[in-house]
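**Student:** Pasting input13.pdb here (PDB, C-alpha atoms):
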ATOM      1  CA  MET A   1     112.668 151.703  64.151
ATOM      2  CA  SER A   2     116.303 150.748  64.737
ATOM      3  CA  GLU A   3     117.565 149.267  67.978
ATOM      4  CA  THR A   4     119.220 152.577  68.847
ATOM      5  CA  GLU A   5     115.944 154.468  68.463
ATOM      6  CA  ARG A   6     113.551 154.038  71.305
ATOM      7  CA  LEU A   7     110.222 155.672  71.898
ATOM      8  CA  LEU A   8     109.578 157.325  75.211
ATOM      9  CA  THR A   9     107.716 155.355  77.834
ATOM     10  CA  ILE A  10     104.582 157.281  78.741
ATOM     11  CA  PHE A  11     103.615 157.163  82.409
ATOM     12  CA  PHE A  12     100.150 158.388  83.401
ATOM     13  CA  VAL A  13      99.363 159.913  86.792
ATOM     14  CA  PRO A  14      95.594 160.131  87.344
ATOM     15  CA  GLY A  15      93.676 162.765  89.223
ATOM     16  CA  ALA A  16      92.005 162.341  92.592
ATOM     17  CA  TRP A  17      89.472 159.527  92.870
ATOM     18  CA  HIS A  18      90.685 157.981  89.597
ATOM     19  CA  THR A  19      92.321 154.626  89.086
ATOM     20  CA  PRO A  20      94.622 153.637  86.198
ATOM     21  CA  TRP A  21      91.794 152.232  84.069
ATOM     22  CA  VAL A  22      90.737 155.771  83.099
ATOM     23  CA  PHE A  23      93.721 155.769  80.731
ATOM     24  CA  ASP A  24      93.105 152.314  79.214
ATOM     25  CA  SER A  25      91.723 153.579  75.892
ATOM     26  CA  VAL A  26      94.548 156.010  75.199
ATOM     27  CA  ARG A  27      97.131 153.498  76.439
ATOM     28  CA  SER A  28      95.774 150.966  73.952
ATOM     29  CA  ILE A  29      96.104 153.464  71.096
ATOM     30  CA  LEU A  30      99.651 154.377  72.133
ATOM     31  CA  SER A  31     100.620 150.725  72.515
ATOM     32  CA  ALA A  32      99.408 150.016  68.978
ATOM     33  CA  ARG A  33     101.800 152.742  67.815
ATOM     34  CA  GLY A  34     104.773 151.217  69.601
ATOM     35  CA  PHE A  35     104.815 153.185  72.836
ATOM     36  CA  GLU A  36     105.269 151.472  76.164
ATOM     37  CA  THR A  37     102.899 152.886  78.768
ATOM     38  CA  ASP A  38     102.222 152.521  82.454
ATOM     39  CA  ALA A  39      99.832 154.204  84.869
ATOM     40  CA  ALA A  40      99.991 154.905  88.574
ATOM     41  CA  ALA A  41      97.549 153.557  91.118
ATOM     42  CA  LEU A  42      97.391 156.310  93.716
ATOM     43  CA  ALA A  43      97.327 155.338  97.388
ATOM     44  CA  THR A  44      94.510 157.813  98.042
ATOM     45  CA  ALA A  45      92.174 156.520  95.317
ATOM     46  CA  GLY A  46      89.366 154.680  97.056
ATOM     47  CA  SER A  47      90.968 155.000 100.482
ATOM     48  CA  SER A  48      89.081 156.237 103.504
ATOM     49  CA  ASP A  49      92.228 156.266 105.653
ATOM     50  CA  PRO A  50      92.803 159.892 106.735
ATOM     51  CA  ASP A  51      96.516 159.195 107.221
ATOM     52  CA  ILE A  52      97.067 158.479 103.516
ATOM     53  CA  GLY A  53      97.728 161.561 101.430
ATOM     54  CA  LEU A  54      99.852 163.355  98.883
ATOM     55  CA  HIS A  55     103.170 162.077 100.209
ATOM     56  CA  ASP A  56     101.963 158.472  99.895
ATOM     57  CA  ASP A  57     100.780 159.101  96.339
ATOM     58  CA  ALA A  58     104.077 160.752  95.403
ATOM     59  CA  ALA A  59     106.062 157.880  96.944
ATOM     60  CA  LYS A  60     104.097 155.299  94.929
ATOM     61  CA  VAL A  61     104.580 157.254  91.711
ATOM     62  CA  ARG A  62     108.282 157.815  92.395
ATOM     63  CA  SER A  63     108.772 154.098  93.089
ATOM     64  CA  ALA A  64     107.091 153.126  89.812
ATOM     65  CA  LEU A  65     109.055 155.751  87.870
ATOM     66  CA  THR A  66     112.335 154.678  89.452
ATOM     67  CA  LYS A  67     111.781 151.091  88.287
ATOM     68  CA  LEU A  68     111.262 152.269  84.702
ATOM     69  CA  ILE A  69     114.194 154.669  84.816
ATOM     70  CA  ASP A  70     116.567 152.154  86.411
ATOM     71  CA  ASP A  71     115.823 149.957  83.386
ATOM     72  CA  GLY A  72     117.299 152.778  81.290
ATOM     73  CA  LYS A  73     113.986 154.062  79.979
ATOM     74  CA  GLU A  74     113.306 157.677  79.117
ATOM     75  CA  VAL A  75     109.889 158.583  80.455
ATOM     76  CA  LEU A  76     107.305 161.206  79.617
ATOM     77  CA  VAL A  77     105.044 161.736  82.632
ATOM     78  CA  LEU A  78     101.486 162.785  81.788
ATOM     79  CA  ALA A  79      99.697 164.095  84.871
ATOM     80  CA  HIS A  80      96.002 164.920  85.061
ATOM     81  CA  SER A  81      94.284 167.169  87.623
ATOM     82  CA  TYR A  82      95.497 166.367  91.183
ATOM     83  CA  GLY A  83      98.053 164.099  89.499
ATOM     84  CA  GLY A  84      99.976 167.257  88.603
ATOM     85  CA  ILE A  85     100.725 167.873  92.263
ATOM     86  CA  VAL A  86     101.652 164.221  92.759
ATOM     87  CA  ALA A  87     103.945 164.181  89.725
ATOM     88  CA  SER A  88     105.665 167.418  90.712
ATOM     89  CA  ASN A  89     106.506 165.873  94.080
ATOM     90  CA  ALA A  90     107.584 162.534  92.589
ATOM     91  CA  VAL A  91     109.996 163.516  89.812
ATOM     92  CA  LYS A  92     112.573 165.629  91.647
ATOM     93  CA  GLY A  93     116.097 164.512  90.759
ATOM     94  CA  LEU A  94     114.929 162.002  88.133
ATOM     95  CA  SER A  95     115.388 164.107  84.988
ATOM     96  CA  THR A  96     117.401 162.732  82.084
ATOM     97  CA  THR A  97     119.658 165.783  82.421
ATOM     98  CA  GLN A  98     120.421 165.042  86.076
ATOM     99  CA  ARG A  99     120.886 161.315  85.493
ATOM    100  CA  THR A 100     123.190 161.885  82.512
ATOM    101  CA  ALA A 101     125.298 164.222  84.670
ATOM    102  CA  ASP A 102     125.437 161.424  87.257
ATOM    103  CA  GLY A 103     126.553 158.918  84.593
ATOM    104  CA  LEU A 104     123.214 157.103  84.594
ATOM    105  CA  LYS A 105     120.876 156.140  81.768
ATOM    106  CA  GLY A 106     117.178 156.843  81.609
ATOM    107  CA  GLY A 107     115.183 159.537  83.310
ATOM    108  CA  ILE A 108     112.204 161.821  83.047
ATOM    109  CA  SER A 109     112.356 163.665  79.718
ATOM    110  CA  MET A 110     109.227 165.726  80.211
ATOM    111  CA  VAL A 111     106.243 166.228  82.486
ATOM    112  CA  VAL A 112     103.012 167.127  80.705
ATOM    113  CA  TYR A 113     100.305 168.725  82.837
ATOM    114  CA  LEU A 114      96.933 167.872  81.277
ATOM    115  CA  ALA A 115      94.234 169.987  82.934
ATOM    116  CA  ALA A 116      96.385 169.602  86.027
ATOM    117  CA  PHE A 117      97.275 171.629  89.074
ATOM    118  CA  THR A 118     100.705 173.226  89.140
ATOM    119  CA  ILE A 119     101.384 174.932  92.440
ATOM    120  CA  PRO A 120     104.501 176.211  94.218
ATOM    121  CA  ALA A 121     106.584 173.822  96.320
ATOM    122  CA  ASN A 122     105.418 173.385  99.910
ATOM    123  CA  THR A 123     101.922 174.594  99.039
ATOM    124  CA  SER A 124      98.825 172.461  99.401
ATOM    125  CA  LEU A 125      95.921 172.588  97.008
ATOM    126  CA  VAL A 126      93.803 174.134  99.759
ATOM    127  CA  MET A 127      96.430 176.836 100.289
ATOM    128  CA  ALA A 128      96.677 177.493  96.552
ATOM    129  CA  ALA A 129      92.900 177.900  96.357
ATOM    130  CA  GLY A 130      93.158 180.765  98.846
ATOM    131  CA  HIS A 131      91.226 179.156 101.690
ATOM    132  CA  SER A 132      90.802 181.695 104.491
ATOM    133  CA  SER A 133      92.164 179.343 107.170
ATOM    134  CA  PHE A 134      95.525 179.598 105.394
ATOM    135  CA  GLY A 135      95.576 183.373 105.144
ATOM    136  CA  GLY A 136      93.806 183.617 101.808
ATOM    137  CA  ASP A 137      91.099 186.157 101.160
ATOM    138  CA  GLN A 138      88.668 183.800  99.491
ATOM    139  CA  GLY A 139      87.174 180.486 100.362
ATOM    140  CA  PRO A 140      87.467 177.323  98.317
ATOM    141  CA  PRO A 141      84.884 176.402  95.678
ATOM    142  CA  ASP A 142      81.438 175.637  97.118
ATOM    143  CA  TRP A 143      81.781 171.987  96.163
ATOM    144  CA  TRP A 144      84.847 171.409  98.371
ATOM    145  CA  ILE A 145      84.182 169.917 101.795
ATOM    146  CA  ILE A 146      87.157 170.659 104.043
ATOM    147  CA  SER A 147      87.729 168.929 107.354
ATOM    148  CA  GLU A 148      90.821 168.684 109.533
ATOM    149  CA  VAL A 149      91.978 165.534 107.757
ATOM    150  CA  ARG A 150      90.804 165.746 104.157
ATOM    151  CA  VAL A 151      89.299 167.608 101.265
ATOM    152  CA  SER A 152      86.405 165.904  99.527
ATOM    153  CA  LEU A 153      83.703 167.124  97.212
ATOM    154  CA  SER A 154      79.958 167.399  97.180
ATOM    155  CA  LEU A 155      78.504 165.804  94.075
ATOM    156  CA  MET A 156      75.193 167.490  94.807
ATOM    157  CA  THR A 157      76.775 170.938  94.543
ATOM    158  CA  VAL A 158      78.741 170.036  91.415
ATOM    159  CA  ALA A 159      75.678 168.514  89.749
ATOM    160  CA  GLY A 160      73.537 171.483  90.717
ATOM    161  CA  ASP A 161      71.265 169.950  93.368
TER     162      ASP A 161
END
Here is the file; what I need is its structure written in the form of structure tokens.

**Tutor:**
Amino acid sequence: MSETERLLTIFFVPGAWHTPWVFDSVRSILSARGFETDAAALATAGSSDPDIGLHDDAAKVRSALTKLIDDGKEVLVLAHSYGGIVASNAVKGLSTTQRTADGLKGGISMVVYLAAFTIPANTSLVMAAGHSSFGGDQGPPDWWIISEVRVSLSLMTVAGD
């Protein structure tokens, strides 16, 4: 590859409850093929603090992406599960198209949603699932446990008691 050709940097955004290590195997394969990779550590992963949420996750991802982009890198964001919501909130204004128009190098070339949630702006996952407390006509899946401060899951329900 010539100096003028550069592979995209691939940035992974994990789903809820996941840490960056879940992407280690695929990152190793991509690295062996010449791709630079990075993965987000979400603020909510492993946290029991009810004040930490989507906005904190999006801010962490945006900060990490901004560092890569400010180095002139073109980035493909690969978001999994809840990471799709995080990525959608984090990438606004960082596209290569926008940055080129602003006379800047680097940017987000593409966002890939891998088994990820894509929901309208200003909509929470609970709202998108049609929870009745938000005007929906159906409740969330049985394995969601919804309180005033968080959504968690019941492994017993998922596993089938």

**Student:** Evaluated on this file, the PyMOL selection byres ((chain A and resi 110) around 7) picks out some residues - which ones are they, written as a ChimeraX atom specification?

**Tutor:** /A:76-77,108-109,111-112

**Student:** List the spatial neighbours of segment 15-30 of chain A as a PyMOL selection string - criterion: any atom at most 12 Å away, all atoms listed in the file, same-chain residues fewer than 3 positions off excluded.

**Tutor:** chain A and resi 7-12+33-48+53-54+57+61+78-87+113-117+125+151-153

**Student:** How many Å separate atom CA of Asp70 of chain A from atom CA of Gly106 of chain A?

**Tutor:**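 These two atoms are separated by 6.7 Å.
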
**Student:** Which one is closest to Gly72 of chain A: A:Asn89, A:Asp49, A:Leu104, A:Ser95? Count all atoms listed in the file.

**Tutor:**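 For Gly72 of chain A, the nearest of the candidates is A:Leu104.
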
**Student:** Could you name the residues that touch Thr96 of chain A at 8 Å or less, counting only C-alpha atoms, but leaving out those on the same chain fewer than 2 positions away, as a list in words?

**Tutor:**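 Using only C-alpha atoms, the neighbours found are Glu74, Leu94, Gln98, Arg99, Thr100, Lys105, Gly106, Gly107, Ile108 and Ser109 of chain A.
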
**Student:** Grab the atom CA of Thr66 of chain A to atom CA of Ala90 of chain A distance for me, in Å with one decimal place.

**Tutor:** 9.7 Å

**Student:** What is the distance between atom CA of Pro50 of chain A and atom CA of Gly93 of chain A, in Å to one decimal?

**Tutor:**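 Interatomic distance here is 28.6 Å.
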